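Colleague: Below is the file target.cif, which contains mmCIF, C-alpha atoms and all ligand atoms.
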data_final
#
loop_
_atom_site.group_PDB
_atom_site.id
_atom_site.type_symbol
_atom_site.label_atom_id
_atom_site.label_comp_id
_atom_site.auth_asym_id
_atom_site.auth_seq_id
_atom_site.Cartn_x
_atom_site.Cartn_y
_atom_site.Cartn_z
ATOM 1 C CA LEU E 9 -37.505 45.660 -66.090
ATOM 2 C CA ARG E 10 -34.231 45.742 -67.961
ATOM 3 C CA ARG E 11 -33.970 47.456 -71.308
ATOM 4 C CA PRO E 12 -32.627 45.255 -74.121
ATOM 5 C CA ILE E 13 -28.971 45.344 -75.138
ATOM 6 C CA VAL E 14 -28.772 47.511 -78.266
ATOM 7 C CA THR E 15 -26.482 46.674 -81.196
ATOM 8 C CA VAL E 16 -26.383 49.305 -83.947
ATOM 9 C CA THR E 17 -25.181 47.750 -87.183
ATOM 10 C CA TYR E 18 -24.981 48.892 -90.790
ATOM 11 C CA ALA E 19 -22.908 48.754 -93.969
ATOM 12 C CA GLN E 20 -21.222 51.870 -95.260
ATOM 13 C CA SER E 21 -18.783 52.942 -97.962
ATOM 14 C CA LEU E 22 -15.235 53.761 -96.810
ATOM 15 C CA ASN E 23 -16.203 57.431 -96.629
ATOM 16 C CA GLY E 24 -19.277 56.773 -94.516
ATOM 17 C CA SER E 25 -22.222 56.652 -96.939
ATOM 18 C CA LEU E 26 -25.155 54.288 -96.395
ATOM 19 C CA ALA E 27 -26.623 54.891 -99.840
ATOM 20 C CA ALA E 28 -26.061 57.116 -102.871
ATOM 21 C CA ALA E 29 -29.086 59.211 -101.903
ATOM 22 C CA PRO E 30 -31.966 58.944 -99.417
ATOM 23 C CA GLY E 31 -34.582 56.571 -100.773
ATOM 24 C CA ARG E 32 -32.182 54.904 -103.210
ATOM 25 C CA PRO E 33 -31.219 51.454 -101.852
ATOM 26 C CA LEU E 34 -27.648 50.321 -102.425
ATOM 27 C CA ALA E 35 -26.183 46.854 -101.829
ATOM 28 C CA LEU E 36 -22.867 47.568 -100.090
ATOM 29 C CA SER E 37 -22.013 44.336 -98.249
ATOM 30 C CA GLY E 38 -20.169 41.528 -100.015
ATOM 31 C CA PRO E 39 -21.606 37.989 -99.753
ATOM 32 C CA GLN E 40 -19.639 37.052 -96.633
ATOM 33 C CA SER E 41 -20.486 40.169 -94.667
ATOM 34 C CA LEU E 42 -24.105 39.860 -95.747
ATOM 35 C CA ALA E 43 -24.167 36.321 -94.341
ATOM 36 C CA PHE E 44 -22.579 37.677 -91.156
ATOM 37 C CA THR E 45 -25.344 40.289 -90.879
ATOM 38 C CA HIS E 46 -27.903 37.492 -91.064
ATOM 39 C CA GLN E 47 -26.038 35.653 -88.293
ATOM 40 C CA LEU E 48 -26.222 38.814 -86.229
ATOM 41 C CA ARG E 49 -29.961 38.968 -86.834
ATOM 42 C CA ALA E 50 -30.284 35.407 -85.566
ATOM 43 C CA ALA E 51 -28.431 36.418 -82.380
ATOM 44 C CA HIS E 52 -30.916 39.178 -81.476
ATOM 45 C CA ALA E 53 -34.441 38.989 -80.083
ATOM 46 C CA ALA E 54 -35.664 41.972 -82.109
ATOM 47 C CA ILE E 55 -34.596 44.033 -85.123
ATOM 48 C CA LEU E 56 -35.527 47.648 -85.804
ATOM 49 C CA VAL E 57 -35.457 50.081 -88.750
ATOM 50 C CA GLY E 58 -36.907 53.528 -89.378
ATOM 51 C CA VAL E 59 -39.918 53.881 -91.638
ATOM 52 C CA ASN E 60 -37.872 55.594 -94.376
ATOM 53 C CA THR E 61 -35.916 52.363 -94.774
ATOM 54 C CA VAL E 62 -39.198 50.471 -95.228
ATOM 55 C CA LEU E 63 -40.306 53.029 -97.814
ATOM 56 C CA SER E 64 -37.041 52.881 -99.765
ATOM 57 C CA ASP E 65 -35.753 49.307 -99.354
ATOM 58 C CA ASP E 66 -38.874 47.272 -98.441
ATOM 59 C CA PRO E 67 -36.678 44.944 -96.292
ATOM 60 C CA GLN E 68 -37.736 41.553 -94.923
ATOM 61 C CA LEU E 69 -35.395 41.566 -91.884
ATOM 62 C CA THR E 70 -35.459 37.756 -91.706
ATOM 63 C CA VAL E 71 -32.599 35.283 -91.238
ATOM 64 C CA ARG E 72 -32.049 33.797 -94.692
ATOM 65 C CA LEU E 73 -28.253 33.523 -95.109
ATOM 66 C CA GLY E 74 -25.247 32.501 -93.083
ATOM 67 C CA GLY E 75 -25.280 28.713 -93.227
ATOM 68 C CA ALA E 76 -26.170 26.357 -90.420
ATOM 69 C CA THR E 77 -24.784 28.672 -87.748
ATOM 70 C CA ALA E 78 -27.418 31.257 -88.616
ATOM 71 C CA ALA E 79 -30.284 28.841 -88.127
ATOM 72 C CA GLY E 80 -31.661 30.847 -85.243
ATOM 73 C CA PRO E 81 -35.215 32.098 -85.035
ATOM 74 C CA ASN E 82 -36.099 35.314 -86.823
ATOM 75 C CA PRO E 83 -35.899 38.395 -84.595
ATOM 76 C CA GLN E 84 -39.104 40.312 -83.904
ATOM 77 C CA PRO E 85 -39.301 43.057 -86.578
ATOM 78 C CA ILE E 86 -40.036 46.601 -85.359
ATOM 79 C CA VAL E 87 -40.420 49.842 -87.353
ATOM 80 C CA LEU E 88 -40.173 53.385 -85.947
ATOM 81 C CA ASP E 89 -43.136 55.077 -87.584
ATOM 82 C CA SER E 90 -44.578 58.098 -85.691
ATOM 83 C CA ARG E 91 -47.345 58.741 -88.219
ATOM 84 C CA LEU E 92 -47.913 55.208 -89.555
ATOM 85 C CA ARG E 93 -46.547 55.816 -93.037
ATOM 86 C CA CYS E 94 -45.652 52.124 -93.427
ATOM 87 C CA PRO E 95 -47.208 50.968 -96.737
ATOM 88 C CA LEU E 96 -49.910 48.293 -96.559
ATOM 89 C CA GLN E 97 -47.942 46.355 -99.220
ATOM 90 C CA ALA E 98 -44.698 46.331 -97.201
ATOM 91 C CA ARG E 99 -43.038 42.922 -97.228
ATOM 92 C CA LEU E 100 -42.661 43.170 -93.435
ATOM 93 C CA LEU E 101 -46.438 42.729 -93.205
ATOM 94 C CA CYS E 102 -45.988 39.270 -94.775
ATOM 95 C CA HIS E 103 -43.271 38.191 -92.352
ATOM 96 C CA PRO E 104 -43.082 34.362 -92.186
ATOM 97 C CA THR E 105 -42.955 34.074 -88.387
ATOM 98 C CA HIS E 106 -43.834 37.369 -86.673
ATOM 99 C CA ALA E 107 -46.478 40.075 -86.753
ATOM 100 C CA LEU E 108 -44.755 43.391 -87.510
ATOM 101 C CA TRP E 109 -44.606 45.787 -84.540
ATOM 102 C CA LEU E 110 -45.085 49.431 -85.499
ATOM 103 C CA ALA E 111 -43.851 51.814 -82.811
ATOM 104 C CA THR E 112 -45.856 54.994 -83.210
ATOM 105 C CA THR E 113 -47.222 58.042 -81.364
ATOM 106 C CA ASP E 114 -50.619 59.626 -80.755
ATOM 107 C CA ALA E 115 -50.052 61.657 -83.952
ATOM 108 C CA ALA E 116 -50.859 58.571 -86.039
ATOM 109 C CA PRO E 117 -54.401 58.523 -87.487
ATOM 110 C CA ALA E 118 -56.770 55.884 -86.039
ATOM 111 C CA GLU E 119 -57.903 54.820 -89.551
ATOM 112 C CA ARG E 120 -54.308 54.132 -90.509
ATOM 113 C CA GLN E 121 -53.889 52.019 -87.355
ATOM 114 C CA ALA E 122 -57.014 50.035 -88.238
ATOM 115 C CA ALA E 123 -55.809 49.412 -91.799
ATOM 116 C CA LEU E 124 -52.354 48.291 -90.674
ATOM 117 C CA GLU E 125 -53.815 46.071 -87.947
ATOM 118 C CA ALA E 126 -56.124 44.519 -90.521
ATOM 119 C CA ALA E 127 -52.979 43.821 -92.572
ATOM 120 C CA GLY E 128 -51.522 41.964 -89.574
ATOM 121 C CA ALA E 129 -49.412 44.566 -87.762
ATOM 122 C CA ARG E 130 -49.381 45.276 -84.032
ATOM 123 C CA VAL E 131 -49.468 49.033 -83.415
ATOM 124 C CA ILE E 132 -47.782 50.273 -80.223
ATOM 125 C CA ARG E 133 -48.497 53.870 -79.238
ATOM 126 C CA LEU E 134 -45.679 55.393 -77.210
ATOM 127 C CA PRO E 135 -44.797 58.887 -75.986
ATOM 128 C CA ALA E 136 -43.306 61.269 -78.559
ATOM 129 C CA ASP E 137 -39.954 63.018 -78.173
ATOM 130 C CA ALA E 138 -39.440 66.782 -78.618
ATOM 131 C CA GLN E 139 -39.448 66.322 -82.428
ATOM 132 C CA GLY E 140 -42.713 64.382 -82.356
ATOM 133 C CA ARG E 141 -40.915 61.088 -83.066
ATOM 134 C CA VAL E 142 -41.172 57.902 -81.096
ATOM 135 C CA ALA E 143 -39.374 58.413 -77.754
ATOM 136 C CA LEU E 144 -36.638 55.781 -77.825
ATOM 137 C CA PRO E 145 -36.210 55.401 -74.030
ATOM 138 C CA ALA E 146 -39.945 54.669 -73.770
ATOM 139 C CA LEU E 147 -39.646 52.132 -76.582
ATOM 140 C CA LEU E 148 -36.707 50.378 -74.879
ATOM 141 C CA ASP E 149 -38.609 50.300 -71.576
ATOM 142 C CA TRP E 150 -41.599 48.780 -73.358
ATOM 143 C CA LEU E 151 -39.447 46.179 -75.136
ATOM 144 C CA GLY E 152 -37.832 45.291 -71.812
ATOM 145 C CA ALA E 153 -41.283 44.824 -70.295
ATOM 146 C CA GLN E 154 -42.081 42.406 -73.130
ATOM 147 C CA GLY E 155 -39.038 40.364 -72.090
ATOM 148 C CA LEU E 156 -36.944 41.185 -75.165
ATOM 149 C CA ALA E 157 -33.276 41.028 -74.132
ATOM 150 C CA SER E 158 -31.538 42.289 -77.270
ATOM 151 C CA LEU E 159 -32.281 44.699 -80.120
ATOM 152 C CA MET E 160 -30.419 45.050 -83.428
ATOM 153 C CA VAL E 161 -30.813 48.496 -85.012
ATOM 154 C CA GLU E 162 -30.192 48.207 -88.767
ATOM 155 C CA GLY E 163 -30.790 51.732 -90.049
ATOM 156 C CA GLY E 164 -31.216 54.078 -91.751
ATOM 157 C CA ALA E 165 -29.202 57.167 -90.966
ATOM 158 C CA GLN E 166 -31.723 59.008 -88.798
ATOM 159 C CA THR E 167 -32.402 55.919 -86.737
ATOM 160 C CA ILE E 168 -28.716 55.044 -86.297
ATOM 161 C CA THR E 169 -27.954 58.637 -85.306
ATOM 162 C CA ALA E 170 -30.820 58.781 -82.824
ATOM 163 C CA PHE E 171 -29.704 55.632 -80.977
ATOM 164 C CA LEU E 172 -26.089 56.864 -80.870
ATOM 165 C CA ALA E 173 -26.827 60.496 -79.968
ATOM 166 C CA GLN E 174 -29.130 59.494 -77.116
ATOM 167 C CA HIS E 175 -26.511 57.101 -75.689
ATOM 168 C CA LEU E 176 -28.844 54.153 -76.079
ATOM 169 C CA THR E 177 -26.307 51.952 -77.890
ATOM 170 C CA ASP E 178 -24.184 49.230 -76.277
ATOM 171 C CA ARG E 179 -22.313 47.971 -79.319
ATOM 172 C CA LEU E 180 -21.593 49.179 -82.847
ATOM 173 C CA ILE E 181 -20.846 46.809 -85.728
ATOM 174 C CA VAL E 182 -20.031 48.488 -89.042
ATOM 175 C CA THR E 183 -19.281 46.796 -92.352
ATOM 176 C CA LEU E 184 -16.863 48.950 -94.364
ATOM 177 C CA ALA E 185 -17.270 48.145 -98.050
ATOM 178 C CA PRO E 186 -14.405 49.033 -100.411
ATOM 179 C CA ARG E 187 -16.417 51.732 -102.159
ATOM 180 C CA LEU E 188 -16.313 55.525 -102.192
ATOM 181 C CA ILE E 189 -19.787 56.975 -102.496
ATOM 182 C CA GLY E 190 -20.859 60.552 -102.072
ATOM 183 C CA GLY E 191 -24.318 60.210 -100.639
ATOM 184 C CA LEU E 192 -26.355 59.662 -97.501
ATOM 185 C CA ASN E 193 -23.999 59.854 -94.523
ATOM 186 C CA ALA E 194 -24.559 57.187 -91.861
ATOM 187 C CA ILE E 195 -24.387 59.853 -89.145
ATOM 188 C CA ALA E 196 -27.120 62.389 -89.800
ATOM 189 C CA ALA E 197 -26.329 64.999 -87.111
ATOM 190 C CA PRO E 198 -23.337 66.414 -85.214
ATOM 191 C CA LEU E 199 -22.010 63.667 -82.943
ATOM 192 C CA ASP E 200 -18.771 63.018 -81.050
ATOM 193 C CA LEU E 201 -18.544 59.603 -79.450
ATOM 194 C CA THR E 202 -15.470 57.615 -78.454
ATOM 195 C CA LEU E 203 -15.667 53.838 -78.817
ATOM 196 C CA HIS E 204 -13.629 51.243 -76.955
ATOM 197 C CA ASP E 205 -12.710 47.547 -77.130
ATOM 198 C CA VAL E 206 -12.417 47.878 -80.895
ATOM 199 C CA ARG E 207 -11.999 44.736 -82.988
ATOM 200 C CA CYS E 208 -11.482 44.554 -86.753
ATOM 201 C CA ARG E 209 -11.375 41.766 -89.287
ATOM 202 C CA MET E 210 -11.761 41.146 -93.005
ATOM 203 C CA LEU E 211 -14.722 39.282 -94.437
ATOM 204 C CA GLY E 212 -14.049 38.885 -98.153
ATOM 205 C CA GLU E 213 -13.137 42.403 -99.270
ATOM 206 C CA ASP E 214 -15.082 44.129 -96.476
ATOM 207 C CA VAL E 215 -13.736 45.203 -93.101
ATOM 208 C CA ILE E 216 -15.928 44.515 -90.087
ATOM 209 C CA VAL E 217 -15.361 46.918 -87.197
ATOM 210 C CA GLU E 218 -16.924 46.076 -83.869
ATOM 211 C CA ALA E 219 -16.709 48.328 -80.804
ATOM 212 C CA GLU E 220 -18.412 49.012 -77.505
ATOM 213 C CA LEU E 221 -19.994 52.234 -76.343
ATOM 214 C CA ASN E 222 -20.209 53.548 -72.830
ATOM 215 C CA ARG E 223 -23.325 51.996 -71.391
ATOM 216 C CA PRO E 224 -23.318 49.681 -68.393
ATOM 217 C CA THR E 225 -21.723 46.397 -69.389
ATOM 218 C CA PRO E 226 -24.267 43.588 -69.112
ATOM 219 C CA THR E 227 -23.460 40.780 -66.751
ATOM 220 C CA ALA E 228 -24.705 37.235 -66.775
ATOM 221 C CA ASP E 229 -27.236 37.879 -64.027
ATOM 222 C CA ASP E 230 -28.742 41.246 -64.965
ATOM 223 C CA GLY E 231 -31.188 39.754 -67.433
ATOM 224 C CA ARG E 232 -29.697 41.482 -70.487
ATOM 225 C CA GLN E 233 -28.310 38.751 -72.693
ATOM 226 C CA MET E 234 -28.059 37.924 -76.388
ATOM 227 C CA VAL E 235 -29.973 35.032 -77.931
ATOM 228 C CA GLY E 236 -27.239 32.397 -77.885
ATOM 229 C CA GLY E 237 -24.511 35.079 -77.914
ATOM 230 C CA LEU E 238 -23.089 36.919 -80.913
ATOM 231 C CA PRO E 239 -21.589 34.890 -83.786
ATOM 232 C CA SER E 240 -18.390 33.486 -82.322
ATOM 233 C CA ALA E 241 -16.058 34.944 -84.969
ATOM 234 C CA VAL E 242 -16.866 38.492 -83.898
HETATM 235 N N1 LIG E 301 -26.354 50.564 -95.699
HETATM 236 C C1 LIG E 301 -27.150 50.144 -94.717
HETATM 237 O O1 LIG E 301 -26.748 49.330 -93.879
HETATM 238 C C2 LIG E 301 -28.551 50.679 -94.628
HETATM 239 C C3 LIG E 301 -29.441 50.114 -93.687
HETATM 240 C C4 LIG E 301 -30.729 50.645 -93.596
HETATM 241 C C5 LIG E 301 -31.102 51.705 -94.406
HETATM 242 N N2 LIG E 301 -30.233 52.233 -95.308
HETATM 243 C C6 LIG E 301 -30.618 53.382 -96.150
HETATM 244 O O2 LIG E 301 -30.999 54.428 -95.283
HETATM 245 C C7 LIG E 301 -31.936 55.268 -95.982
HETATM 246 C C8 LIG E 301 -33.070 55.627 -95.035
HETATM 247 O O3 LIG E 301 -32.506 56.309 -93.953
HETATM 248 P P1 LIG E 301 -33.166 57.616 -93.342
HETATM 249 O O4 LIG E 301 -32.159 58.268 -92.485
HETATM 250 O O5 LIG E 301 -33.753 58.405 -94.471
HETATM 251 O O6 LIG E 301 -34.388 57.076 -92.506
HETATM 252 P P2 LIG E 301 -34.663 55.928 -91.408
HETATM 253 O O7 LIG E 301 -33.721 56.054 -90.287
HETATM 254 O O8 LIG E 301 -34.812 54.626 -92.106
HETATM 255 O O9 LIG E 301 -36.134 56.357 -90.944
HETATM 256 C C9 LIG E 301 -36.268 57.604 -90.284
HETATM 257 C C10 LIG E 301 -37.723 57.867 -89.966
HETATM 258 O O10 LIG E 301 -38.134 57.028 -88.879
HETATM 259 C C11 LIG E 301 -39.131 57.705 -88.159
HETATM 260 N N3 LIG E 301 -38.827 57.778 -86.739
HETATM 261 C C12 LIG E 301 -39.741 57.672 -85.751
HETATM 262 N N4 LIG E 301 -39.185 57.829 -84.566
HETATM 263 C C13 LIG E 301 -37.870 58.039 -84.774
HETATM 264 C C14 LIG E 301 -36.780 58.309 -83.902
HETATM 265 N N5 LIG E 301 -36.933 58.360 -82.567
HETATM 266 N N6 LIG E 301 -35.562 58.520 -84.432
HETATM 267 C C15 LIG E 301 -35.385 58.460 -85.781
HETATM 268 N N7 LIG E 301 -36.382 58.205 -86.661
HETATM 269 C C16 LIG E 301 -37.629 58.018 -86.153
HETATM 270 C C17 LIG E 301 -39.213 59.146 -88.708
HETATM 271 O O11 LIG E 301 -40.314 59.213 -89.612
HETATM 272 P P3 LIG E 301 -41.707 59.717 -88.989
HETATM 273 O O12 LIG E 301 -41.445 61.103 -88.484
HETATM 274 O O13 LIG E 301 -42.676 59.627 -90.095
HETATM 275 O O14 LIG E 301 -41.973 58.766 -87.868
HETATM 276 C C18 LIG E 301 -37.923 59.273 -89.502
HETATM 277 O O15 LIG E 301 -38.029 60.177 -90.589
HETATM 278 C C19 LIG E 301 -32.388 54.511 -97.206
HETATM 279 O O16 LIG E 301 -31.783 55.114 -98.347
HETATM 280 C C20 LIG E 301 -31.835 53.122 -96.991
HETATM 281 O O17 LIG E 301 -31.466 52.510 -98.227
HETATM 282 C C21 LIG E 301 -28.967 51.726 -95.435
#
For the structure just supplied, provide its representation as structure tokens.

Modeller:
Amino acid sequence: LRRPIVTVTYAQSLNGSLAAAPGRPLALSGPQSLAFTHQLRAAHAAILVGVNTVLSDDPQLTVRLGGATAAGPNPQPIVLDSRLRCPLQARLLCHPTHALWLATTDAAPAERQAALEAAGARVIRLPADAQGRVALPALLDWLGAQGLASLMVEGGAQTITAFLAQHLTDRLIVTLAPRLIGGLNAIAAPLDLTLHDVRCRMLGEDVIVEAELNRPTPTADDGRQMVGGLPSAV
């Protein structure tokens, strides 16, 4: 079965910071680019963050902004969490439409799985990579087998870097906020990728940069499609 199309998207300062420091959330997007991010969420079947983002930002990952055009269904929320560190009080466990999927490994304690399942999560045990983290190719295969056609990866730095470094990304959409912040770099490891089909536009005071990466381009008949396509202005 086909793996989902992967869109990596995040907001950064002009000099490439996601936050002032790990674990310290920072609102970077202006109102228009924030609404655009919610439209992007509505265009994807699933949305994924790393567990550090849950621990620091406690995100909801729902579609709440963006006007009538963003009135799509919420994407399925997924957290990369090899040891099941997701807090039982996480807002994602009270998602209005979906049970949270926690992608984990055999290193996660069974008691922790039971507690998180009792709190409403679905725990998916997958192979680990060489660092003991969730193996991303196995996750994408599993998501494809569930029939999910598109995945939006929203952060944080380690997660973004992993999807880029392993060449598992089809499209990158970055919001550049007019800020200069010395802090947590979006790219957390040495990386050298060339993007193509680059498009740029302003949304309020932010610049949105969209580009493609070298993975096979999806076609209409290969089963890898967005939910209703990306927001048309992109
Ligand atoms: N500006 C933005 O758009 C934006 C968006 C999101 C987050 N953020 C910021 O990003 C920061 C968090 O970023 P972060 O880099 O510390 O962490 P992260 O990417 O949110 O989470 C990383 C953690 O995910 C788990 N994981 C499991 N499998 C993985 C895999 N294959 N690849 C990567 N991670 C895997 C690991 O923990 P285990 O080993 O325990 O599994 C890893 O430490 C926060 O400060 C947050 O505010 C900013």

Colleague: Collect all residues with atoms no farther than 6 Å from ligand LIG 301 (chain E), counting all atoms listed in the file, and output them as a ChimeraX atom specification.

Modeller: /E:18-20,26-27,30-33,57-61,64-65,88-91,141-144,162-167,170

Colleague: Using only C-alpha atoms, determine which residues lie at most 12 Å from Gly212 of chain E, disregarding the query and same-chain residues fewer than 3 positions distant; provide the list as a PyMOL selection string.

Modeller: chain E and resi 37-44+183-186+209+215-216

Colleague: Using atom CA of His52 of chain E and atom CA of Leu203 of chain E as the two end points, give the distance in Å to one decimal.

Modeller: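 Going from atom CA of His52 of chain E over to atom CA of Leu203 of chain E covers 21.3 Å.
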
Colleague: State, in Å with one decimal place, the distance from atom CA of Thr70 of chain E to atom CA of Asn82 of chain E.

Modeller: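 Computing it gives 5.5 Å between the two atoms.
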
Colleague: As a PDB file with C-alpha atoms, in the coordinates of the input, please: the residues near Ala123 of chain E (cut-off 12 Å, all atoms listed in the file, same-chain neighbours under 3 positions excluded).

Modeller:
ATOM      1  CA  LEU E  92     -47.913  55.208 -89.555  1.00  0.00           C
ATOM      2  CA  ARG E  93     -46.547  55.816 -93.037  1.00  0.00           C
ATOM      3  CA  CYS E  94     -45.652  52.124 -93.427  1.00  0.00           C
ATOM      4  CA  PRO E  95     -47.208  50.968 -96.737  1.00  0.00           C
ATOM      5  CA  LEU E  96     -49.910  48.293 -96.559  1.00  0.00           C
ATOM      6  CA  GLN E  97     -47.942  46.355 -99.220  1.00  0.00           C
ATOM      7  CA  LEU E 101     -46.438  42.729 -93.205  1.00  0.00           C
ATOM      8  CA  ALA E 116     -50.859  58.571 -86.039  1.00  0.00           C
ATOM      9  CA  PRO E 117     -54.401  58.523 -87.487  1.00  0.00           C
ATOM     10  CA  ALA E 118     -56.770  55.884 -86.039  1.00  0.00           C
ATOM     11  CA  GLU E 119     -57.903  54.820 -89.551  1.00  0.00           C
ATOM     12  CA  ARG E 120     -54.308  54.132 -90.509  1.00  0.00           C
ATOM     13  CA  ALA E 126     -56.124  44.519 -90.521  1.00  0.00           C
ATOM     14  CA  ALA E 127     -52.979  43.821 -92.572  1.00  0.00           C
ATOM     15  CA  GLY E 128     -51.522  41.964 -89.574  1.00  0.00           C
ATOM     16  CA  ALA E 129     -49.412  44.566 -87.762  1.00  0.00           C
ATOM     17  CA  ARG E 130     -49.381  45.276 -84.032  1.00  0.00           C
ATOM     18  CA  VAL E 131     -49.468  49.033 -83.415  1.00  0.00           C
TER      19      VAL E 131
END

Colleague: As an exercise, work out the distance from atom CA of Ala157 of chain E to atom CA of Pro12 of chain E in Å and give it to one decimal place.

Modeller: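 Computed distance, atom CA of Ala157 of chain E to atom CA of Pro12 of chain E, equals 4.3 Å.
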
Colleague: Under the rule that only C-alpha atoms are counted, which of E:Ala50, E:Leu73, E:Ala138, E:Leu172 is the nearest residue to Ala196 of chain E?

Modeller: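 Smallest distance to Ala196 of chain E is found for E:Leu172.
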
Colleague: Could you expand the PyMOL selection byres (((chain E and resi 158) around 7) and not hetatm) into the explicit residues it covers here, written as a list in words?

Modeller: Pro12, Ile13, Val14, His52, Ala53, Ala54, Leu156, Ala157, Leu159, Met160, Gln233 and Met234 of chain E

Colleague: Using only C-alpha atoms, which of E:Thr45, E:Gln68, E:Asn23, E:Thr15 sits nearest Glu220 of chain E?

Modeller: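 Residue with the minimum atom-to-atom distance to Glu220 of chain E: E:Thr15.
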
Colleague: Which residue is closest to Ile168 of chain E? Choose from E:Pro135, E:Leu199, E:Ala146, E:Pro67 and count all atoms listed in the file.

Modeller: E:Leu199

Colleague: When the PyMOL selection byres (((chain E and resi 200) around 12) and not hetatm) is applied to the structure above, which residues does it catch, written out as a short mmCIF file (atom, residue, chain, number, x, y, z; two decimals) with C-alpha atoms, keeping the file's coordinate frame?

Modeller:
data_model
loop_
_atom_site.label_atom_id
_atom_site.label_comp_id
_atom_site.auth_asym_id
_atom_site.auth_seq_id
_atom_site.Cartn_x
_atom_site.Cartn_y
_atom_site.Cartn_z
CA THR E 169 -27.95 58.64 -85.31
CA LEU E 172 -26.09 56.86 -80.87
CA ALA E 173 -26.83 60.50 -79.97
CA GLN E 174 -29.13 59.49 -77.12
CA HIS E 175 -26.51 57.10 -75.69
CA ILE E 195 -24.39 59.85 -89.14
CA ALA E 197 -26.33 65.00 -87.11
CA PRO E 198 -23.34 66.41 -85.21
CA LEU E 199 -22.01 63.67 -82.94
CA LEU E 201 -18.54 59.60 -79.45
CA THR E 202 -15.47 57.62 -78.45
CA LEU E 203 -15.67 53.84 -78.82
CA LEU E 221 -19.99 52.23 -76.34
#

Colleague: Could you put an axis-aligned box around every listed atom of segment 60-68 of chain E, padded by 4 Å on each side, and send me its centre and edge lengths in Å to one decimal, as AutoDock Vina command-line options?

Modeller:
--center_x -38.0 --center_y 48.6 --center_z -97.1 --size_x 12.6 --size_y 22.0 --size_z 13.4

Colleague: Could you check the closest approach to Leu9 of chain E for each of E:Asp205, E:Asp149, E:Asp178, E:Glu213 and tell me which residue wins, using all atoms listed in the file?

Modeller: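 That would be E:Asp149, the residue with the smallest distance to Leu9 of chain E.
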